[in-house]
Structure formats: structure tokens, C-alpha cells
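Only one structure is covered here, and it is reproduced in the block below.
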Amino acid sequence: MEEKVGMETKIGLPTKKEFEEICYKLDLYTDAPCGTIIDGKLLSLNWFGYLENCWENIAQEIQSLYGVTNYLDSDLLVLIGKIQNRDFFRIILSSGEAKLNIHLDMFKDSFWNYLEDIKYLEKYKNKLAKTYS
């Protein structure tokens, strides 16, 4: 996203201020950095399609985690539930299907909270890895 709006890309998440700038500048109808393969052909995706693809992958991963819930602690289950129930994904995707002219800026706070949850999940994963290694 940083690259698409002309910001210098870096490793890791942007600051909240940088993220807000990205959300303000990013046109959701422009091409995203990757596409999808359908019937053996690579098709480009706009940001709506890219976010939908991300959301589908997240949903699949969460479903696979629920298959091993007896091995997960309650803190992790709460975090997974928060990630799974982020409404802004559904709102953004339905806006794209309806061809509404919206900016990601409308969802910047919800999107930022989602990224914070993902960052926390990664720290939690690292903590578990150290504990059980």
C-alpha cells in the first residue's frame, strides 16, 4: 500500500499517522500488487479484490484453528474471535461490489485496530514458541 501511494516502503507496519496517510491516498479501484489465477490466466485485482482475497484466506486459517481449539488457550481464542469479527472487511467489500466511491480513509481506525490485533497475534505466537520450544 505504501508503494502504491508513493511512500517509501519499509519492513514492518507503518506508524498510525503513516497508515492514515496511506488510507487517504489509496484509490481502492486501482490495481493491487498481486492478482489471482482463474482458468490458468493471471488476472489483476483491484484493492477490493485483494482485500476480499485476504479476508477469505484469514477465514480459512481461522477455521483450521478452530479444529484444534482444545490446544488453544482462552486468550488466543478471544484474539482470533476479534480478528474474525472485524466488520470493516465486510463493509469495504460490499462497497466495492456496489461500486460505491469510497475511500479507505473511512475505515482507517477499524483497519488500524485490525492491524494491531495481527501484530499482537504475532507477538503472542512468538511468546508461545519460546514457552514450548
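Simple scheme: letters A, B, ... for chains in C-alpha cells order, numbers from 1 for residues in each chain, numbers from 1 for ligands in the order shown.
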Can you tell me which residues surround Ser110 (chain A) at a distance of at most 12 Å, considering only C-alpha atoms, apart from same-chain residues fewer than 6 positions away, and format the answer as a CSV table (one decimal) with N, CA and C atoms, in the first residue's frame?
```
chain,number,residue,atom,x,y,z
A,16,LYS,N,0.8,4.9,12.9
A,16,LYS,CA,-0.6,5.2,12.7
A,16,LYS,C,-0.8,6.4,11.8
A,19,PHE,N,-0.1,5.3,8.3
A,19,PHE,CA,-1.2,4.5,7.8
A,19,PHE,C,-2.4,5.3,7.4
A,20,GLU,N,-2.7,6.4,8.2
A,20,GLU,CA,-3.8,7.3,7.9
A,20,GLU,C,-3.6,8.0,6.5
A,23,CYS,N,-4.3,5.4,3.8
A,23,CYS,CA,-5.7,5.3,3.7
A,23,CYS,C,-6.4,6.4,2.9
A,82,LYS,N,-11.8,-11.8,17.7
A,82,LYS,CA,-11.8,-10.4,17.4
A,82,LYS,C,-11.3,-10.2,15.9
A,83,ILE,N,-10.3,-10.9,15.5
A,83,ILE,CA,-9.9,-10.8,14.1
A,83,ILE,C,-10.9,-11.3,13.2
A,85,ASN,N,-14.2,-11.3,13.5
A,85,ASN,CA,-15.4,-10.5,13.5
A,85,ASN,C,-15.2,-9.0,13.1
A,86,ARG,N,-14.2,-8.7,12.5
A,86,ARG,CA,-14.0,-7.3,12.0
A,86,ARG,C,-14.9,-7.0,10.9
A,87,ASP,N,-15.9,-6.1,11.2
A,87,ASP,CA,-17.0,-5.8,10.3
A,87,ASP,C,-16.5,-4.9,9.1
A,88,PHE,N,-15.4,-4.2,9.3
A,88,PHE,CA,-15.0,-3.3,8.2
A,88,PHE,C,-14.6,-4.0,6.9
A,89,PHE,N,-14.1,-5.3,7.0
A,89,PHE,CA,-13.9,-6.1,5.8
A,89,PHE,C,-15.2,-6.2,5.0
A,90,ARG,N,-16.2,-6.6,5.7
A,90,ARG,CA,-17.5,-6.9,5.0
A,90,ARG,C,-18.0,-5.6,4.4
A,91,ILE,N,-17.9,-4.5,5.2
A,91,ILE,CA,-18.4,-3.2,4.7
A,91,ILE,C,-17.6,-2.7,3.5
A,92,ILE,N,-16.3,-2.8,3.5
A,92,ILE,CA,-15.5,-2.5,2.4
A,92,ILE,C,-15.8,-3.3,1.2
A,104,LEU,N,-10.6,4.3,1.6
A,104,LEU,CA,-10.2,3.5,2.8
A,104,LEU,C,-10.1,4.4,4.0
A,116,GLU,N,-3.3,-3.9,14.5
A,116,GLU,CA,-2.8,-4.0,15.9
A,116,GLU,C,-3.1,-5.4,16.4
A,117,ASP,N,-4.3,-5.9,16.2
A,117,ASP,CA,-4.6,-7.3,16.6
A,117,ASP,C,-3.7,-8.3,15.9
```
Spatial neighbours of Cys54 (chain A), 12 Å, only C-alpha atoms, chain gap at least 6 places, as a PDB file with all heavy atoms, in the first residue's frame:
```pdb
ATOM      1  N   ALA A  32      -4.103  -3.718  -7.268  1.00  0.00           N
ATOM      2  CA  ALA A  32      -3.349  -4.131  -6.079  1.00  0.00           C
ATOM      3  C   ALA A  32      -2.056  -4.800  -6.547  1.00  0.00           C
ATOM      4  O   ALA A  32      -1.881  -5.072  -7.740  1.00  0.00           O
ATOM      5  CB  ALA A  32      -4.193  -5.085  -5.244  1.00  0.00           C
ATOM      6  N   CYS A  34      -0.931  -7.770  -6.347  1.00  0.00           N
ATOM      7  CA  CYS A  34      -0.944  -9.148  -6.838  1.00  0.00           C
ATOM      8  C   CYS A  34      -2.288  -9.434  -7.465  1.00  0.00           C
ATOM      9  O   CYS A  34      -3.246  -8.696  -7.310  1.00  0.00           O
ATOM     10  CB  CYS A  34      -0.645 -10.138  -5.703  1.00  0.00           C
ATOM     11  SG  CYS A  34      -1.946 -10.245  -4.489  1.00  0.00           S
ATOM     12  N   GLY A  35      -2.325 -10.532  -8.176  1.00  0.00           N
ATOM     13  CA  GLY A  35      -3.555 -10.923  -8.838  1.00  0.00           C
ATOM     14  C   GLY A  35      -3.972 -12.309  -8.384  1.00  0.00           C
ATOM     15  O   GLY A  35      -3.549 -12.798  -7.346  1.00  0.00           O
ATOM     16  N   THR A  36      -4.797 -12.906  -9.192  1.00  0.00           N
ATOM     17  CA  THR A  36      -5.258 -14.257  -8.909  1.00  0.00           C
ATOM     18  C   THR A  36      -5.278 -15.054 -10.203  1.00  0.00           C
ATOM     19  O   THR A  36      -5.366 -14.474 -11.283  1.00  0.00           O
ATOM     20  CB  THR A  36      -6.649 -14.237  -8.237  1.00  0.00           C
ATOM     21  OG1 THR A  36      -6.989 -15.540  -7.812  1.00  0.00           O
ATOM     22  CG2 THR A  36      -7.719 -13.720  -9.182  1.00  0.00           C
ATOM     23  N   LEU A  45      -6.089  -7.769  -9.751  1.00  0.00           N
ATOM     24  CA  LEU A  45      -7.140  -7.463  -8.784  1.00  0.00           C
ATOM     25  C   LEU A  45      -7.030  -6.007  -8.378  1.00  0.00           C
ATOM     26  O   LEU A  45      -5.928  -5.486  -8.228  1.00  0.00           O
ATOM     27  CB  LEU A  45      -6.967  -8.315  -7.519  1.00  0.00           C
ATOM     28  CG  LEU A  45      -7.180  -9.812  -7.621  1.00  0.00           C
ATOM     29  CD1 LEU A  45      -6.816 -10.480  -6.298  1.00  0.00           C
ATOM     30  CD2 LEU A  45      -8.604 -10.131  -7.987  1.00  0.00           C
ATOM     31  N   TRP A  47      -7.974  -3.204  -5.287  1.00  0.00           N
ATOM     32  CA  TRP A  47      -7.795  -3.350  -3.846  1.00  0.00           C
ATOM     33  C   TRP A  47      -8.985  -4.035  -3.185  1.00  0.00           C
ATOM     34  O   TRP A  47      -8.832  -4.741  -2.201  1.00  0.00           O
ATOM     35  CB  TRP A  47      -7.498  -1.999  -3.198  1.00  0.00           C
ATOM     36  CG  TRP A  47      -6.094  -1.588  -3.491  1.00  0.00           C
ATOM     37  CD1 TRP A  47      -5.677  -0.740  -4.464  1.00  0.00           C
ATOM     38  CD2 TRP A  47      -4.914  -2.065  -2.837  1.00  0.00           C
ATOM     39  NE1 TRP A  47      -4.295  -0.649  -4.451  1.00  0.00           N
ATOM     40  CE2 TRP A  47      -3.812  -1.447  -3.465  1.00  0.00           C
ATOM     41  CE3 TRP A  47      -4.687  -2.932  -1.786  1.00  0.00           C
ATOM     42  CZ2 TRP A  47      -2.504  -1.683  -3.070  1.00  0.00           C
ATOM     43  CZ3 TRP A  47      -3.370  -3.164  -1.387  1.00  0.00           C
ATOM     44  CH2 TRP A  47      -2.307  -2.540  -2.035  1.00  0.00           C
ATOM     45  N   PHE A  48     -10.182  -3.838  -3.753  1.00  0.00           N
ATOM     46  CA  PHE A  48     -11.339  -4.556  -3.216  1.00  0.00           C
ATOM     47  C   PHE A  48     -11.132  -6.061  -3.354  1.00  0.00           C
ATOM     48  O   PHE A  48     -11.354  -6.822  -2.423  1.00  0.00           O
ATOM     49  CB  PHE A  48     -12.628  -4.150  -3.941  1.00  0.00           C
ATOM     50  CG  PHE A  48     -13.145  -2.800  -3.573  1.00  0.00           C
ATOM     51  CD1 PHE A  48     -13.126  -1.771  -4.489  1.00  0.00           C
ATOM     52  CD2 PHE A  48     -13.668  -2.555  -2.306  1.00  0.00           C
ATOM     53  CE1 PHE A  48     -13.616  -0.518  -4.163  1.00  0.00           C
ATOM     54  CE2 PHE A  48     -14.159  -1.305  -1.964  1.00  0.00           C
ATOM     55  CZ  PHE A  48     -14.135  -0.288  -2.900  1.00  0.00           C
ATOM     56  N   GLN A  60     -10.232 -18.961   6.244  1.00  0.00           N
ATOM     57  CA  GLN A  60      -9.798 -20.361   6.147  1.00  0.00           C
ATOM     58  C   GLN A  60      -8.825 -20.713   7.266  1.00  0.00           C
ATOM     59  O   GLN A  60      -8.914 -21.782   7.875  1.00  0.00           O
ATOM     60  CB  GLN A  60      -9.150 -20.624   4.791  1.00  0.00           C
ATOM     61  CG  GLN A  60     -10.132 -20.665   3.654  1.00  0.00           C
ATOM     62  CD  GLN A  60      -9.437 -20.801   2.302  1.00  0.00           C
ATOM     63  OE1 GLN A  60      -8.217 -20.858   2.206  1.00  0.00           O
ATOM     64  NE2 GLN A  60     -10.228 -20.831   1.247  1.00  0.00           N
ATOM     65  N   GLU A  61      -7.884 -19.822   7.534  1.00  0.00           N
ATOM     66  CA  GLU A  61      -6.914 -20.074   8.602  1.00  0.00           C
ATOM     67  C   GLU A  61      -7.595 -20.162   9.968  1.00  0.00           C
ATOM     68  O   GLU A  61      -7.261 -21.013  10.791  1.00  0.00           O
ATOM     69  CB  GLU A  61      -5.838 -18.984   8.623  1.00  0.00           C
ATOM     70  CG  GLU A  61      -4.914 -19.007   7.429  1.00  0.00           C
ATOM     71  CD  GLU A  61      -4.062 -20.266   7.357  1.00  0.00           C
ATOM     72  OE1 GLU A  61      -3.666 -20.803   8.409  1.00  0.00           O
ATOM     73  OE2 GLU A  61      -3.812 -20.734   6.233  1.00  0.00           O
ATOM     74  N   GLN A  84     -11.600 -12.368  13.499  1.00  0.00           N
ATOM     75  CA  GLN A  84     -12.625 -12.938  12.626  1.00  0.00           C
ATOM     76  C   GLN A  84     -13.830 -12.022  12.483  1.00  0.00           C
ATOM     77  O   GLN A  84     -14.456 -11.985  11.428  1.00  0.00           O
ATOM     78  CB  GLN A  84     -13.068 -14.287  13.178  1.00  0.00           C
ATOM     79  CG  GLN A  84     -14.091 -14.983  12.321  1.00  0.00           C
ATOM     80  CD  GLN A  84     -14.527 -16.301  12.934  1.00  0.00           C
ATOM     81  OE1 GLN A  84     -14.467 -16.476  14.144  1.00  0.00           O
ATOM     82  NE2 GLN A  84     -14.942 -17.213  12.102  1.00  0.00           N
ATOM     83  N   PHE A  89     -14.136  -5.274   7.040  1.00  0.00           N
ATOM     84  CA  PHE A  89     -13.872  -6.053   5.831  1.00  0.00           C
ATOM     85  C   PHE A  89     -15.162  -6.238   5.035  1.00  0.00           C
ATOM     86  O   PHE A  89     -15.201  -6.012   3.836  1.00  0.00           O
ATOM     87  CB  PHE A  89     -13.294  -7.437   6.167  1.00  0.00           C
ATOM     88  CG  PHE A  89     -11.802  -7.499   6.109  1.00  0.00           C
ATOM     89  CD1 PHE A  89     -11.070  -7.705   7.258  1.00  0.00           C
ATOM     90  CD2 PHE A  89     -11.118  -7.382   4.911  1.00  0.00           C
ATOM     91  CE1 PHE A  89      -9.687  -7.780   7.224  1.00  0.00           C
ATOM     92  CE2 PHE A  89      -9.744  -7.452   4.860  1.00  0.00           C
ATOM     93  CZ  PHE A  89      -9.027  -7.654   6.019  1.00  0.00           C
ATOM     94  N   ARG A  90     -16.218  -6.647   5.715  1.00  0.00           N
ATOM     95  CA  ARG A  90     -17.489  -6.882   5.026  1.00  0.00           C
ATOM     96  C   ARG A  90     -18.037  -5.575   4.438  1.00  0.00           C
ATOM     97  O   ARG A  90     -18.579  -5.562   3.336  1.00  0.00           O
ATOM     98  CB  ARG A  90     -18.488  -7.518   5.979  1.00  0.00           C
ATOM     99  CG  ARG A  90     -18.185  -8.978   6.267  1.00  0.00           C
ATOM    100  CD  ARG A  90     -19.247  -9.612   7.135  1.00  0.00           C
ATOM    101  NE  ARG A  90     -19.024  -9.423   8.558  1.00  0.00           N
ATOM    102  CZ  ARG A  90     -18.128 -10.095   9.281  1.00  0.00           C
ATOM    103  NH1 ARG A  90     -17.370 -10.992   8.704  1.00  0.00           N
ATOM    104  NH2 ARG A  90     -17.995  -9.874  10.561  1.00  0.00           N
ATOM    105  N   LEU A  93     -15.920  -4.614   1.366  1.00  0.00           N
ATOM    106  CA  LEU A  93     -16.182  -5.496   0.234  1.00  0.00           C
ATOM    107  C   LEU A  93     -17.560  -5.249  -0.363  1.00  0.00           C
ATOM    108  O   LEU A  93     -17.717  -5.235  -1.587  1.00  0.00           O
ATOM    109  CB  LEU A  93     -16.024  -6.956   0.655  1.00  0.00           C
ATOM    110  CG  LEU A  93     -14.620  -7.330   1.138  1.00  0.00           C
ATOM    111  CD1 LEU A  93     -14.560  -8.791   1.560  1.00  0.00           C
ATOM    112  CD2 LEU A  93     -13.573  -7.042   0.076  1.00  0.00           C
TER     113      LEU A  93
END
```
### Task
Any chance you could list, as a PyMOL selection string, the residues in region 23-107 of chain A that come up helix (DSSP H, G or I) when DSSP is run on the backbone?
chain A and resi 23-25+47-66+69-71+74-84+87-97+104-107
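Here CA of Glu21 (chain A) is placed at a distance of 15.7 Å from CA of Asn113 (chain A).
Across the model, the gap from CA of Met7 (chain A) to CA of Ile58 (chain A) is 26.5 Å.
Coordinates place CA of Gly12 (chain A) at a distance of 16.9 Å from CA of Pro33 (chain A).
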#### Entry: Shell around region 26-28 of chain A at 9 Å using only C-alpha atoms, local window under 2 positions removed, as a list in words
Met1, Glu2, Lys4, Val5, Glu21, Ile22, Cys23, Tyr24, Thr30, Asp31, Ala32, Asn46, Trp47, Phe48, Gly96, Asn101, Ile102, His103, Leu104 and Asp105 of chain A
Please write the residues from the selection above to a file, keeping N, CA and C atoms, as a compact mmCIF listing (two decimals), in the first residue's frame.
```txt
# COMPACT_ATOMS: atom_id res chain seq x y z
N MET A 1 0.82 -1.18 0.00
CA MET A 1 0.00 0.00 0.00
C MET A 1 0.87 1.25 0.00
N GLU A 2 1.96 1.20 0.78
CA GLU A 2 2.87 2.35 0.82
C GLU A 2 3.40 2.67 -0.58
N LYS A 4 2.13 1.95 -3.46
CA LYS A 4 1.08 2.39 -4.38
C LYS A 4 0.75 3.87 -4.22
N VAL A 5 0.90 4.41 -3.02
CA VAL A 5 0.60 5.82 -2.80
C VAL A 5 1.85 6.70 -2.83
N GLU A 21 -2.31 8.33 6.29
CA GLU A 21 -1.96 8.95 5.01
C GLU A 21 -2.18 7.97 3.86
N ILE A 22 -1.79 6.73 4.06
CA ILE A 22 -1.99 5.70 3.04
C ILE A 22 -3.49 5.55 2.76
N CYS A 23 -4.28 5.44 3.81
CA CYS A 23 -5.72 5.27 3.65
C CYS A 23 -6.36 6.43 2.91
N TYR A 24 -5.86 7.62 3.15
CA TYR A 24 -6.42 8.81 2.50
C TYR A 24 -6.08 8.82 1.01
N THR A 30 -7.91 1.01 -7.92
CA THR A 30 -6.66 0.80 -8.66
C THR A 30 -6.16 -0.62 -8.43
N ASP A 31 -5.21 -1.02 -9.26
CA ASP A 31 -4.67 -2.38 -9.17
C ASP A 31 -3.88 -2.58 -7.89
N ALA A 32 -4.10 -3.72 -7.27
CA ALA A 32 -3.35 -4.13 -6.08
C ALA A 32 -2.06 -4.80 -6.55
N ASN A 46 -8.17 -5.36 -8.20
CA ASN A 46 -8.12 -4.05 -7.57
C ASN A 46 -8.03 -4.28 -6.07
N TRP A 47 -7.97 -3.20 -5.29
CA TRP A 47 -7.79 -3.35 -3.85
C TRP A 47 -8.99 -4.03 -3.19
N PHE A 48 -10.18 -3.84 -3.75
CA PHE A 48 -11.34 -4.56 -3.22
C PHE A 48 -11.13 -6.06 -3.35
N GLY A 96 -17.39 -2.22 -2.49
CA GLY A 96 -16.77 -2.49 -3.78
C GLY A 96 -17.73 -3.15 -4.74
N ASN A 101 -18.18 4.93 -4.46
CA ASN A 101 -16.93 5.68 -4.47
C ASN A 101 -16.55 6.01 -3.03
N ILE A 102 -15.85 5.08 -2.39
CA ILE A 102 -15.45 5.29 -1.01
C ILE A 102 -13.93 5.30 -0.92
N HIS A 103 -13.44 5.86 0.15
CA HIS A 103 -12.01 5.85 0.42
C HIS A 103 -11.75 4.97 1.63
N LEU A 104 -10.61 4.35 1.64
CA LEU A 104 -10.21 3.53 2.77
C LEU A 104 -10.12 4.38 4.03
N ASP A 105 -9.97 5.68 3.84
CA ASP A 105 -9.90 6.62 4.96
C ASP A 105 -11.10 6.49 5.89
```
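Shortest separation to Tyr120 (chain A) among A:Gln63, A:Tyr29, A:Asp75, A:Asp39 occurs at residue A:Asp75, atoms counted being only C-alpha atoms.
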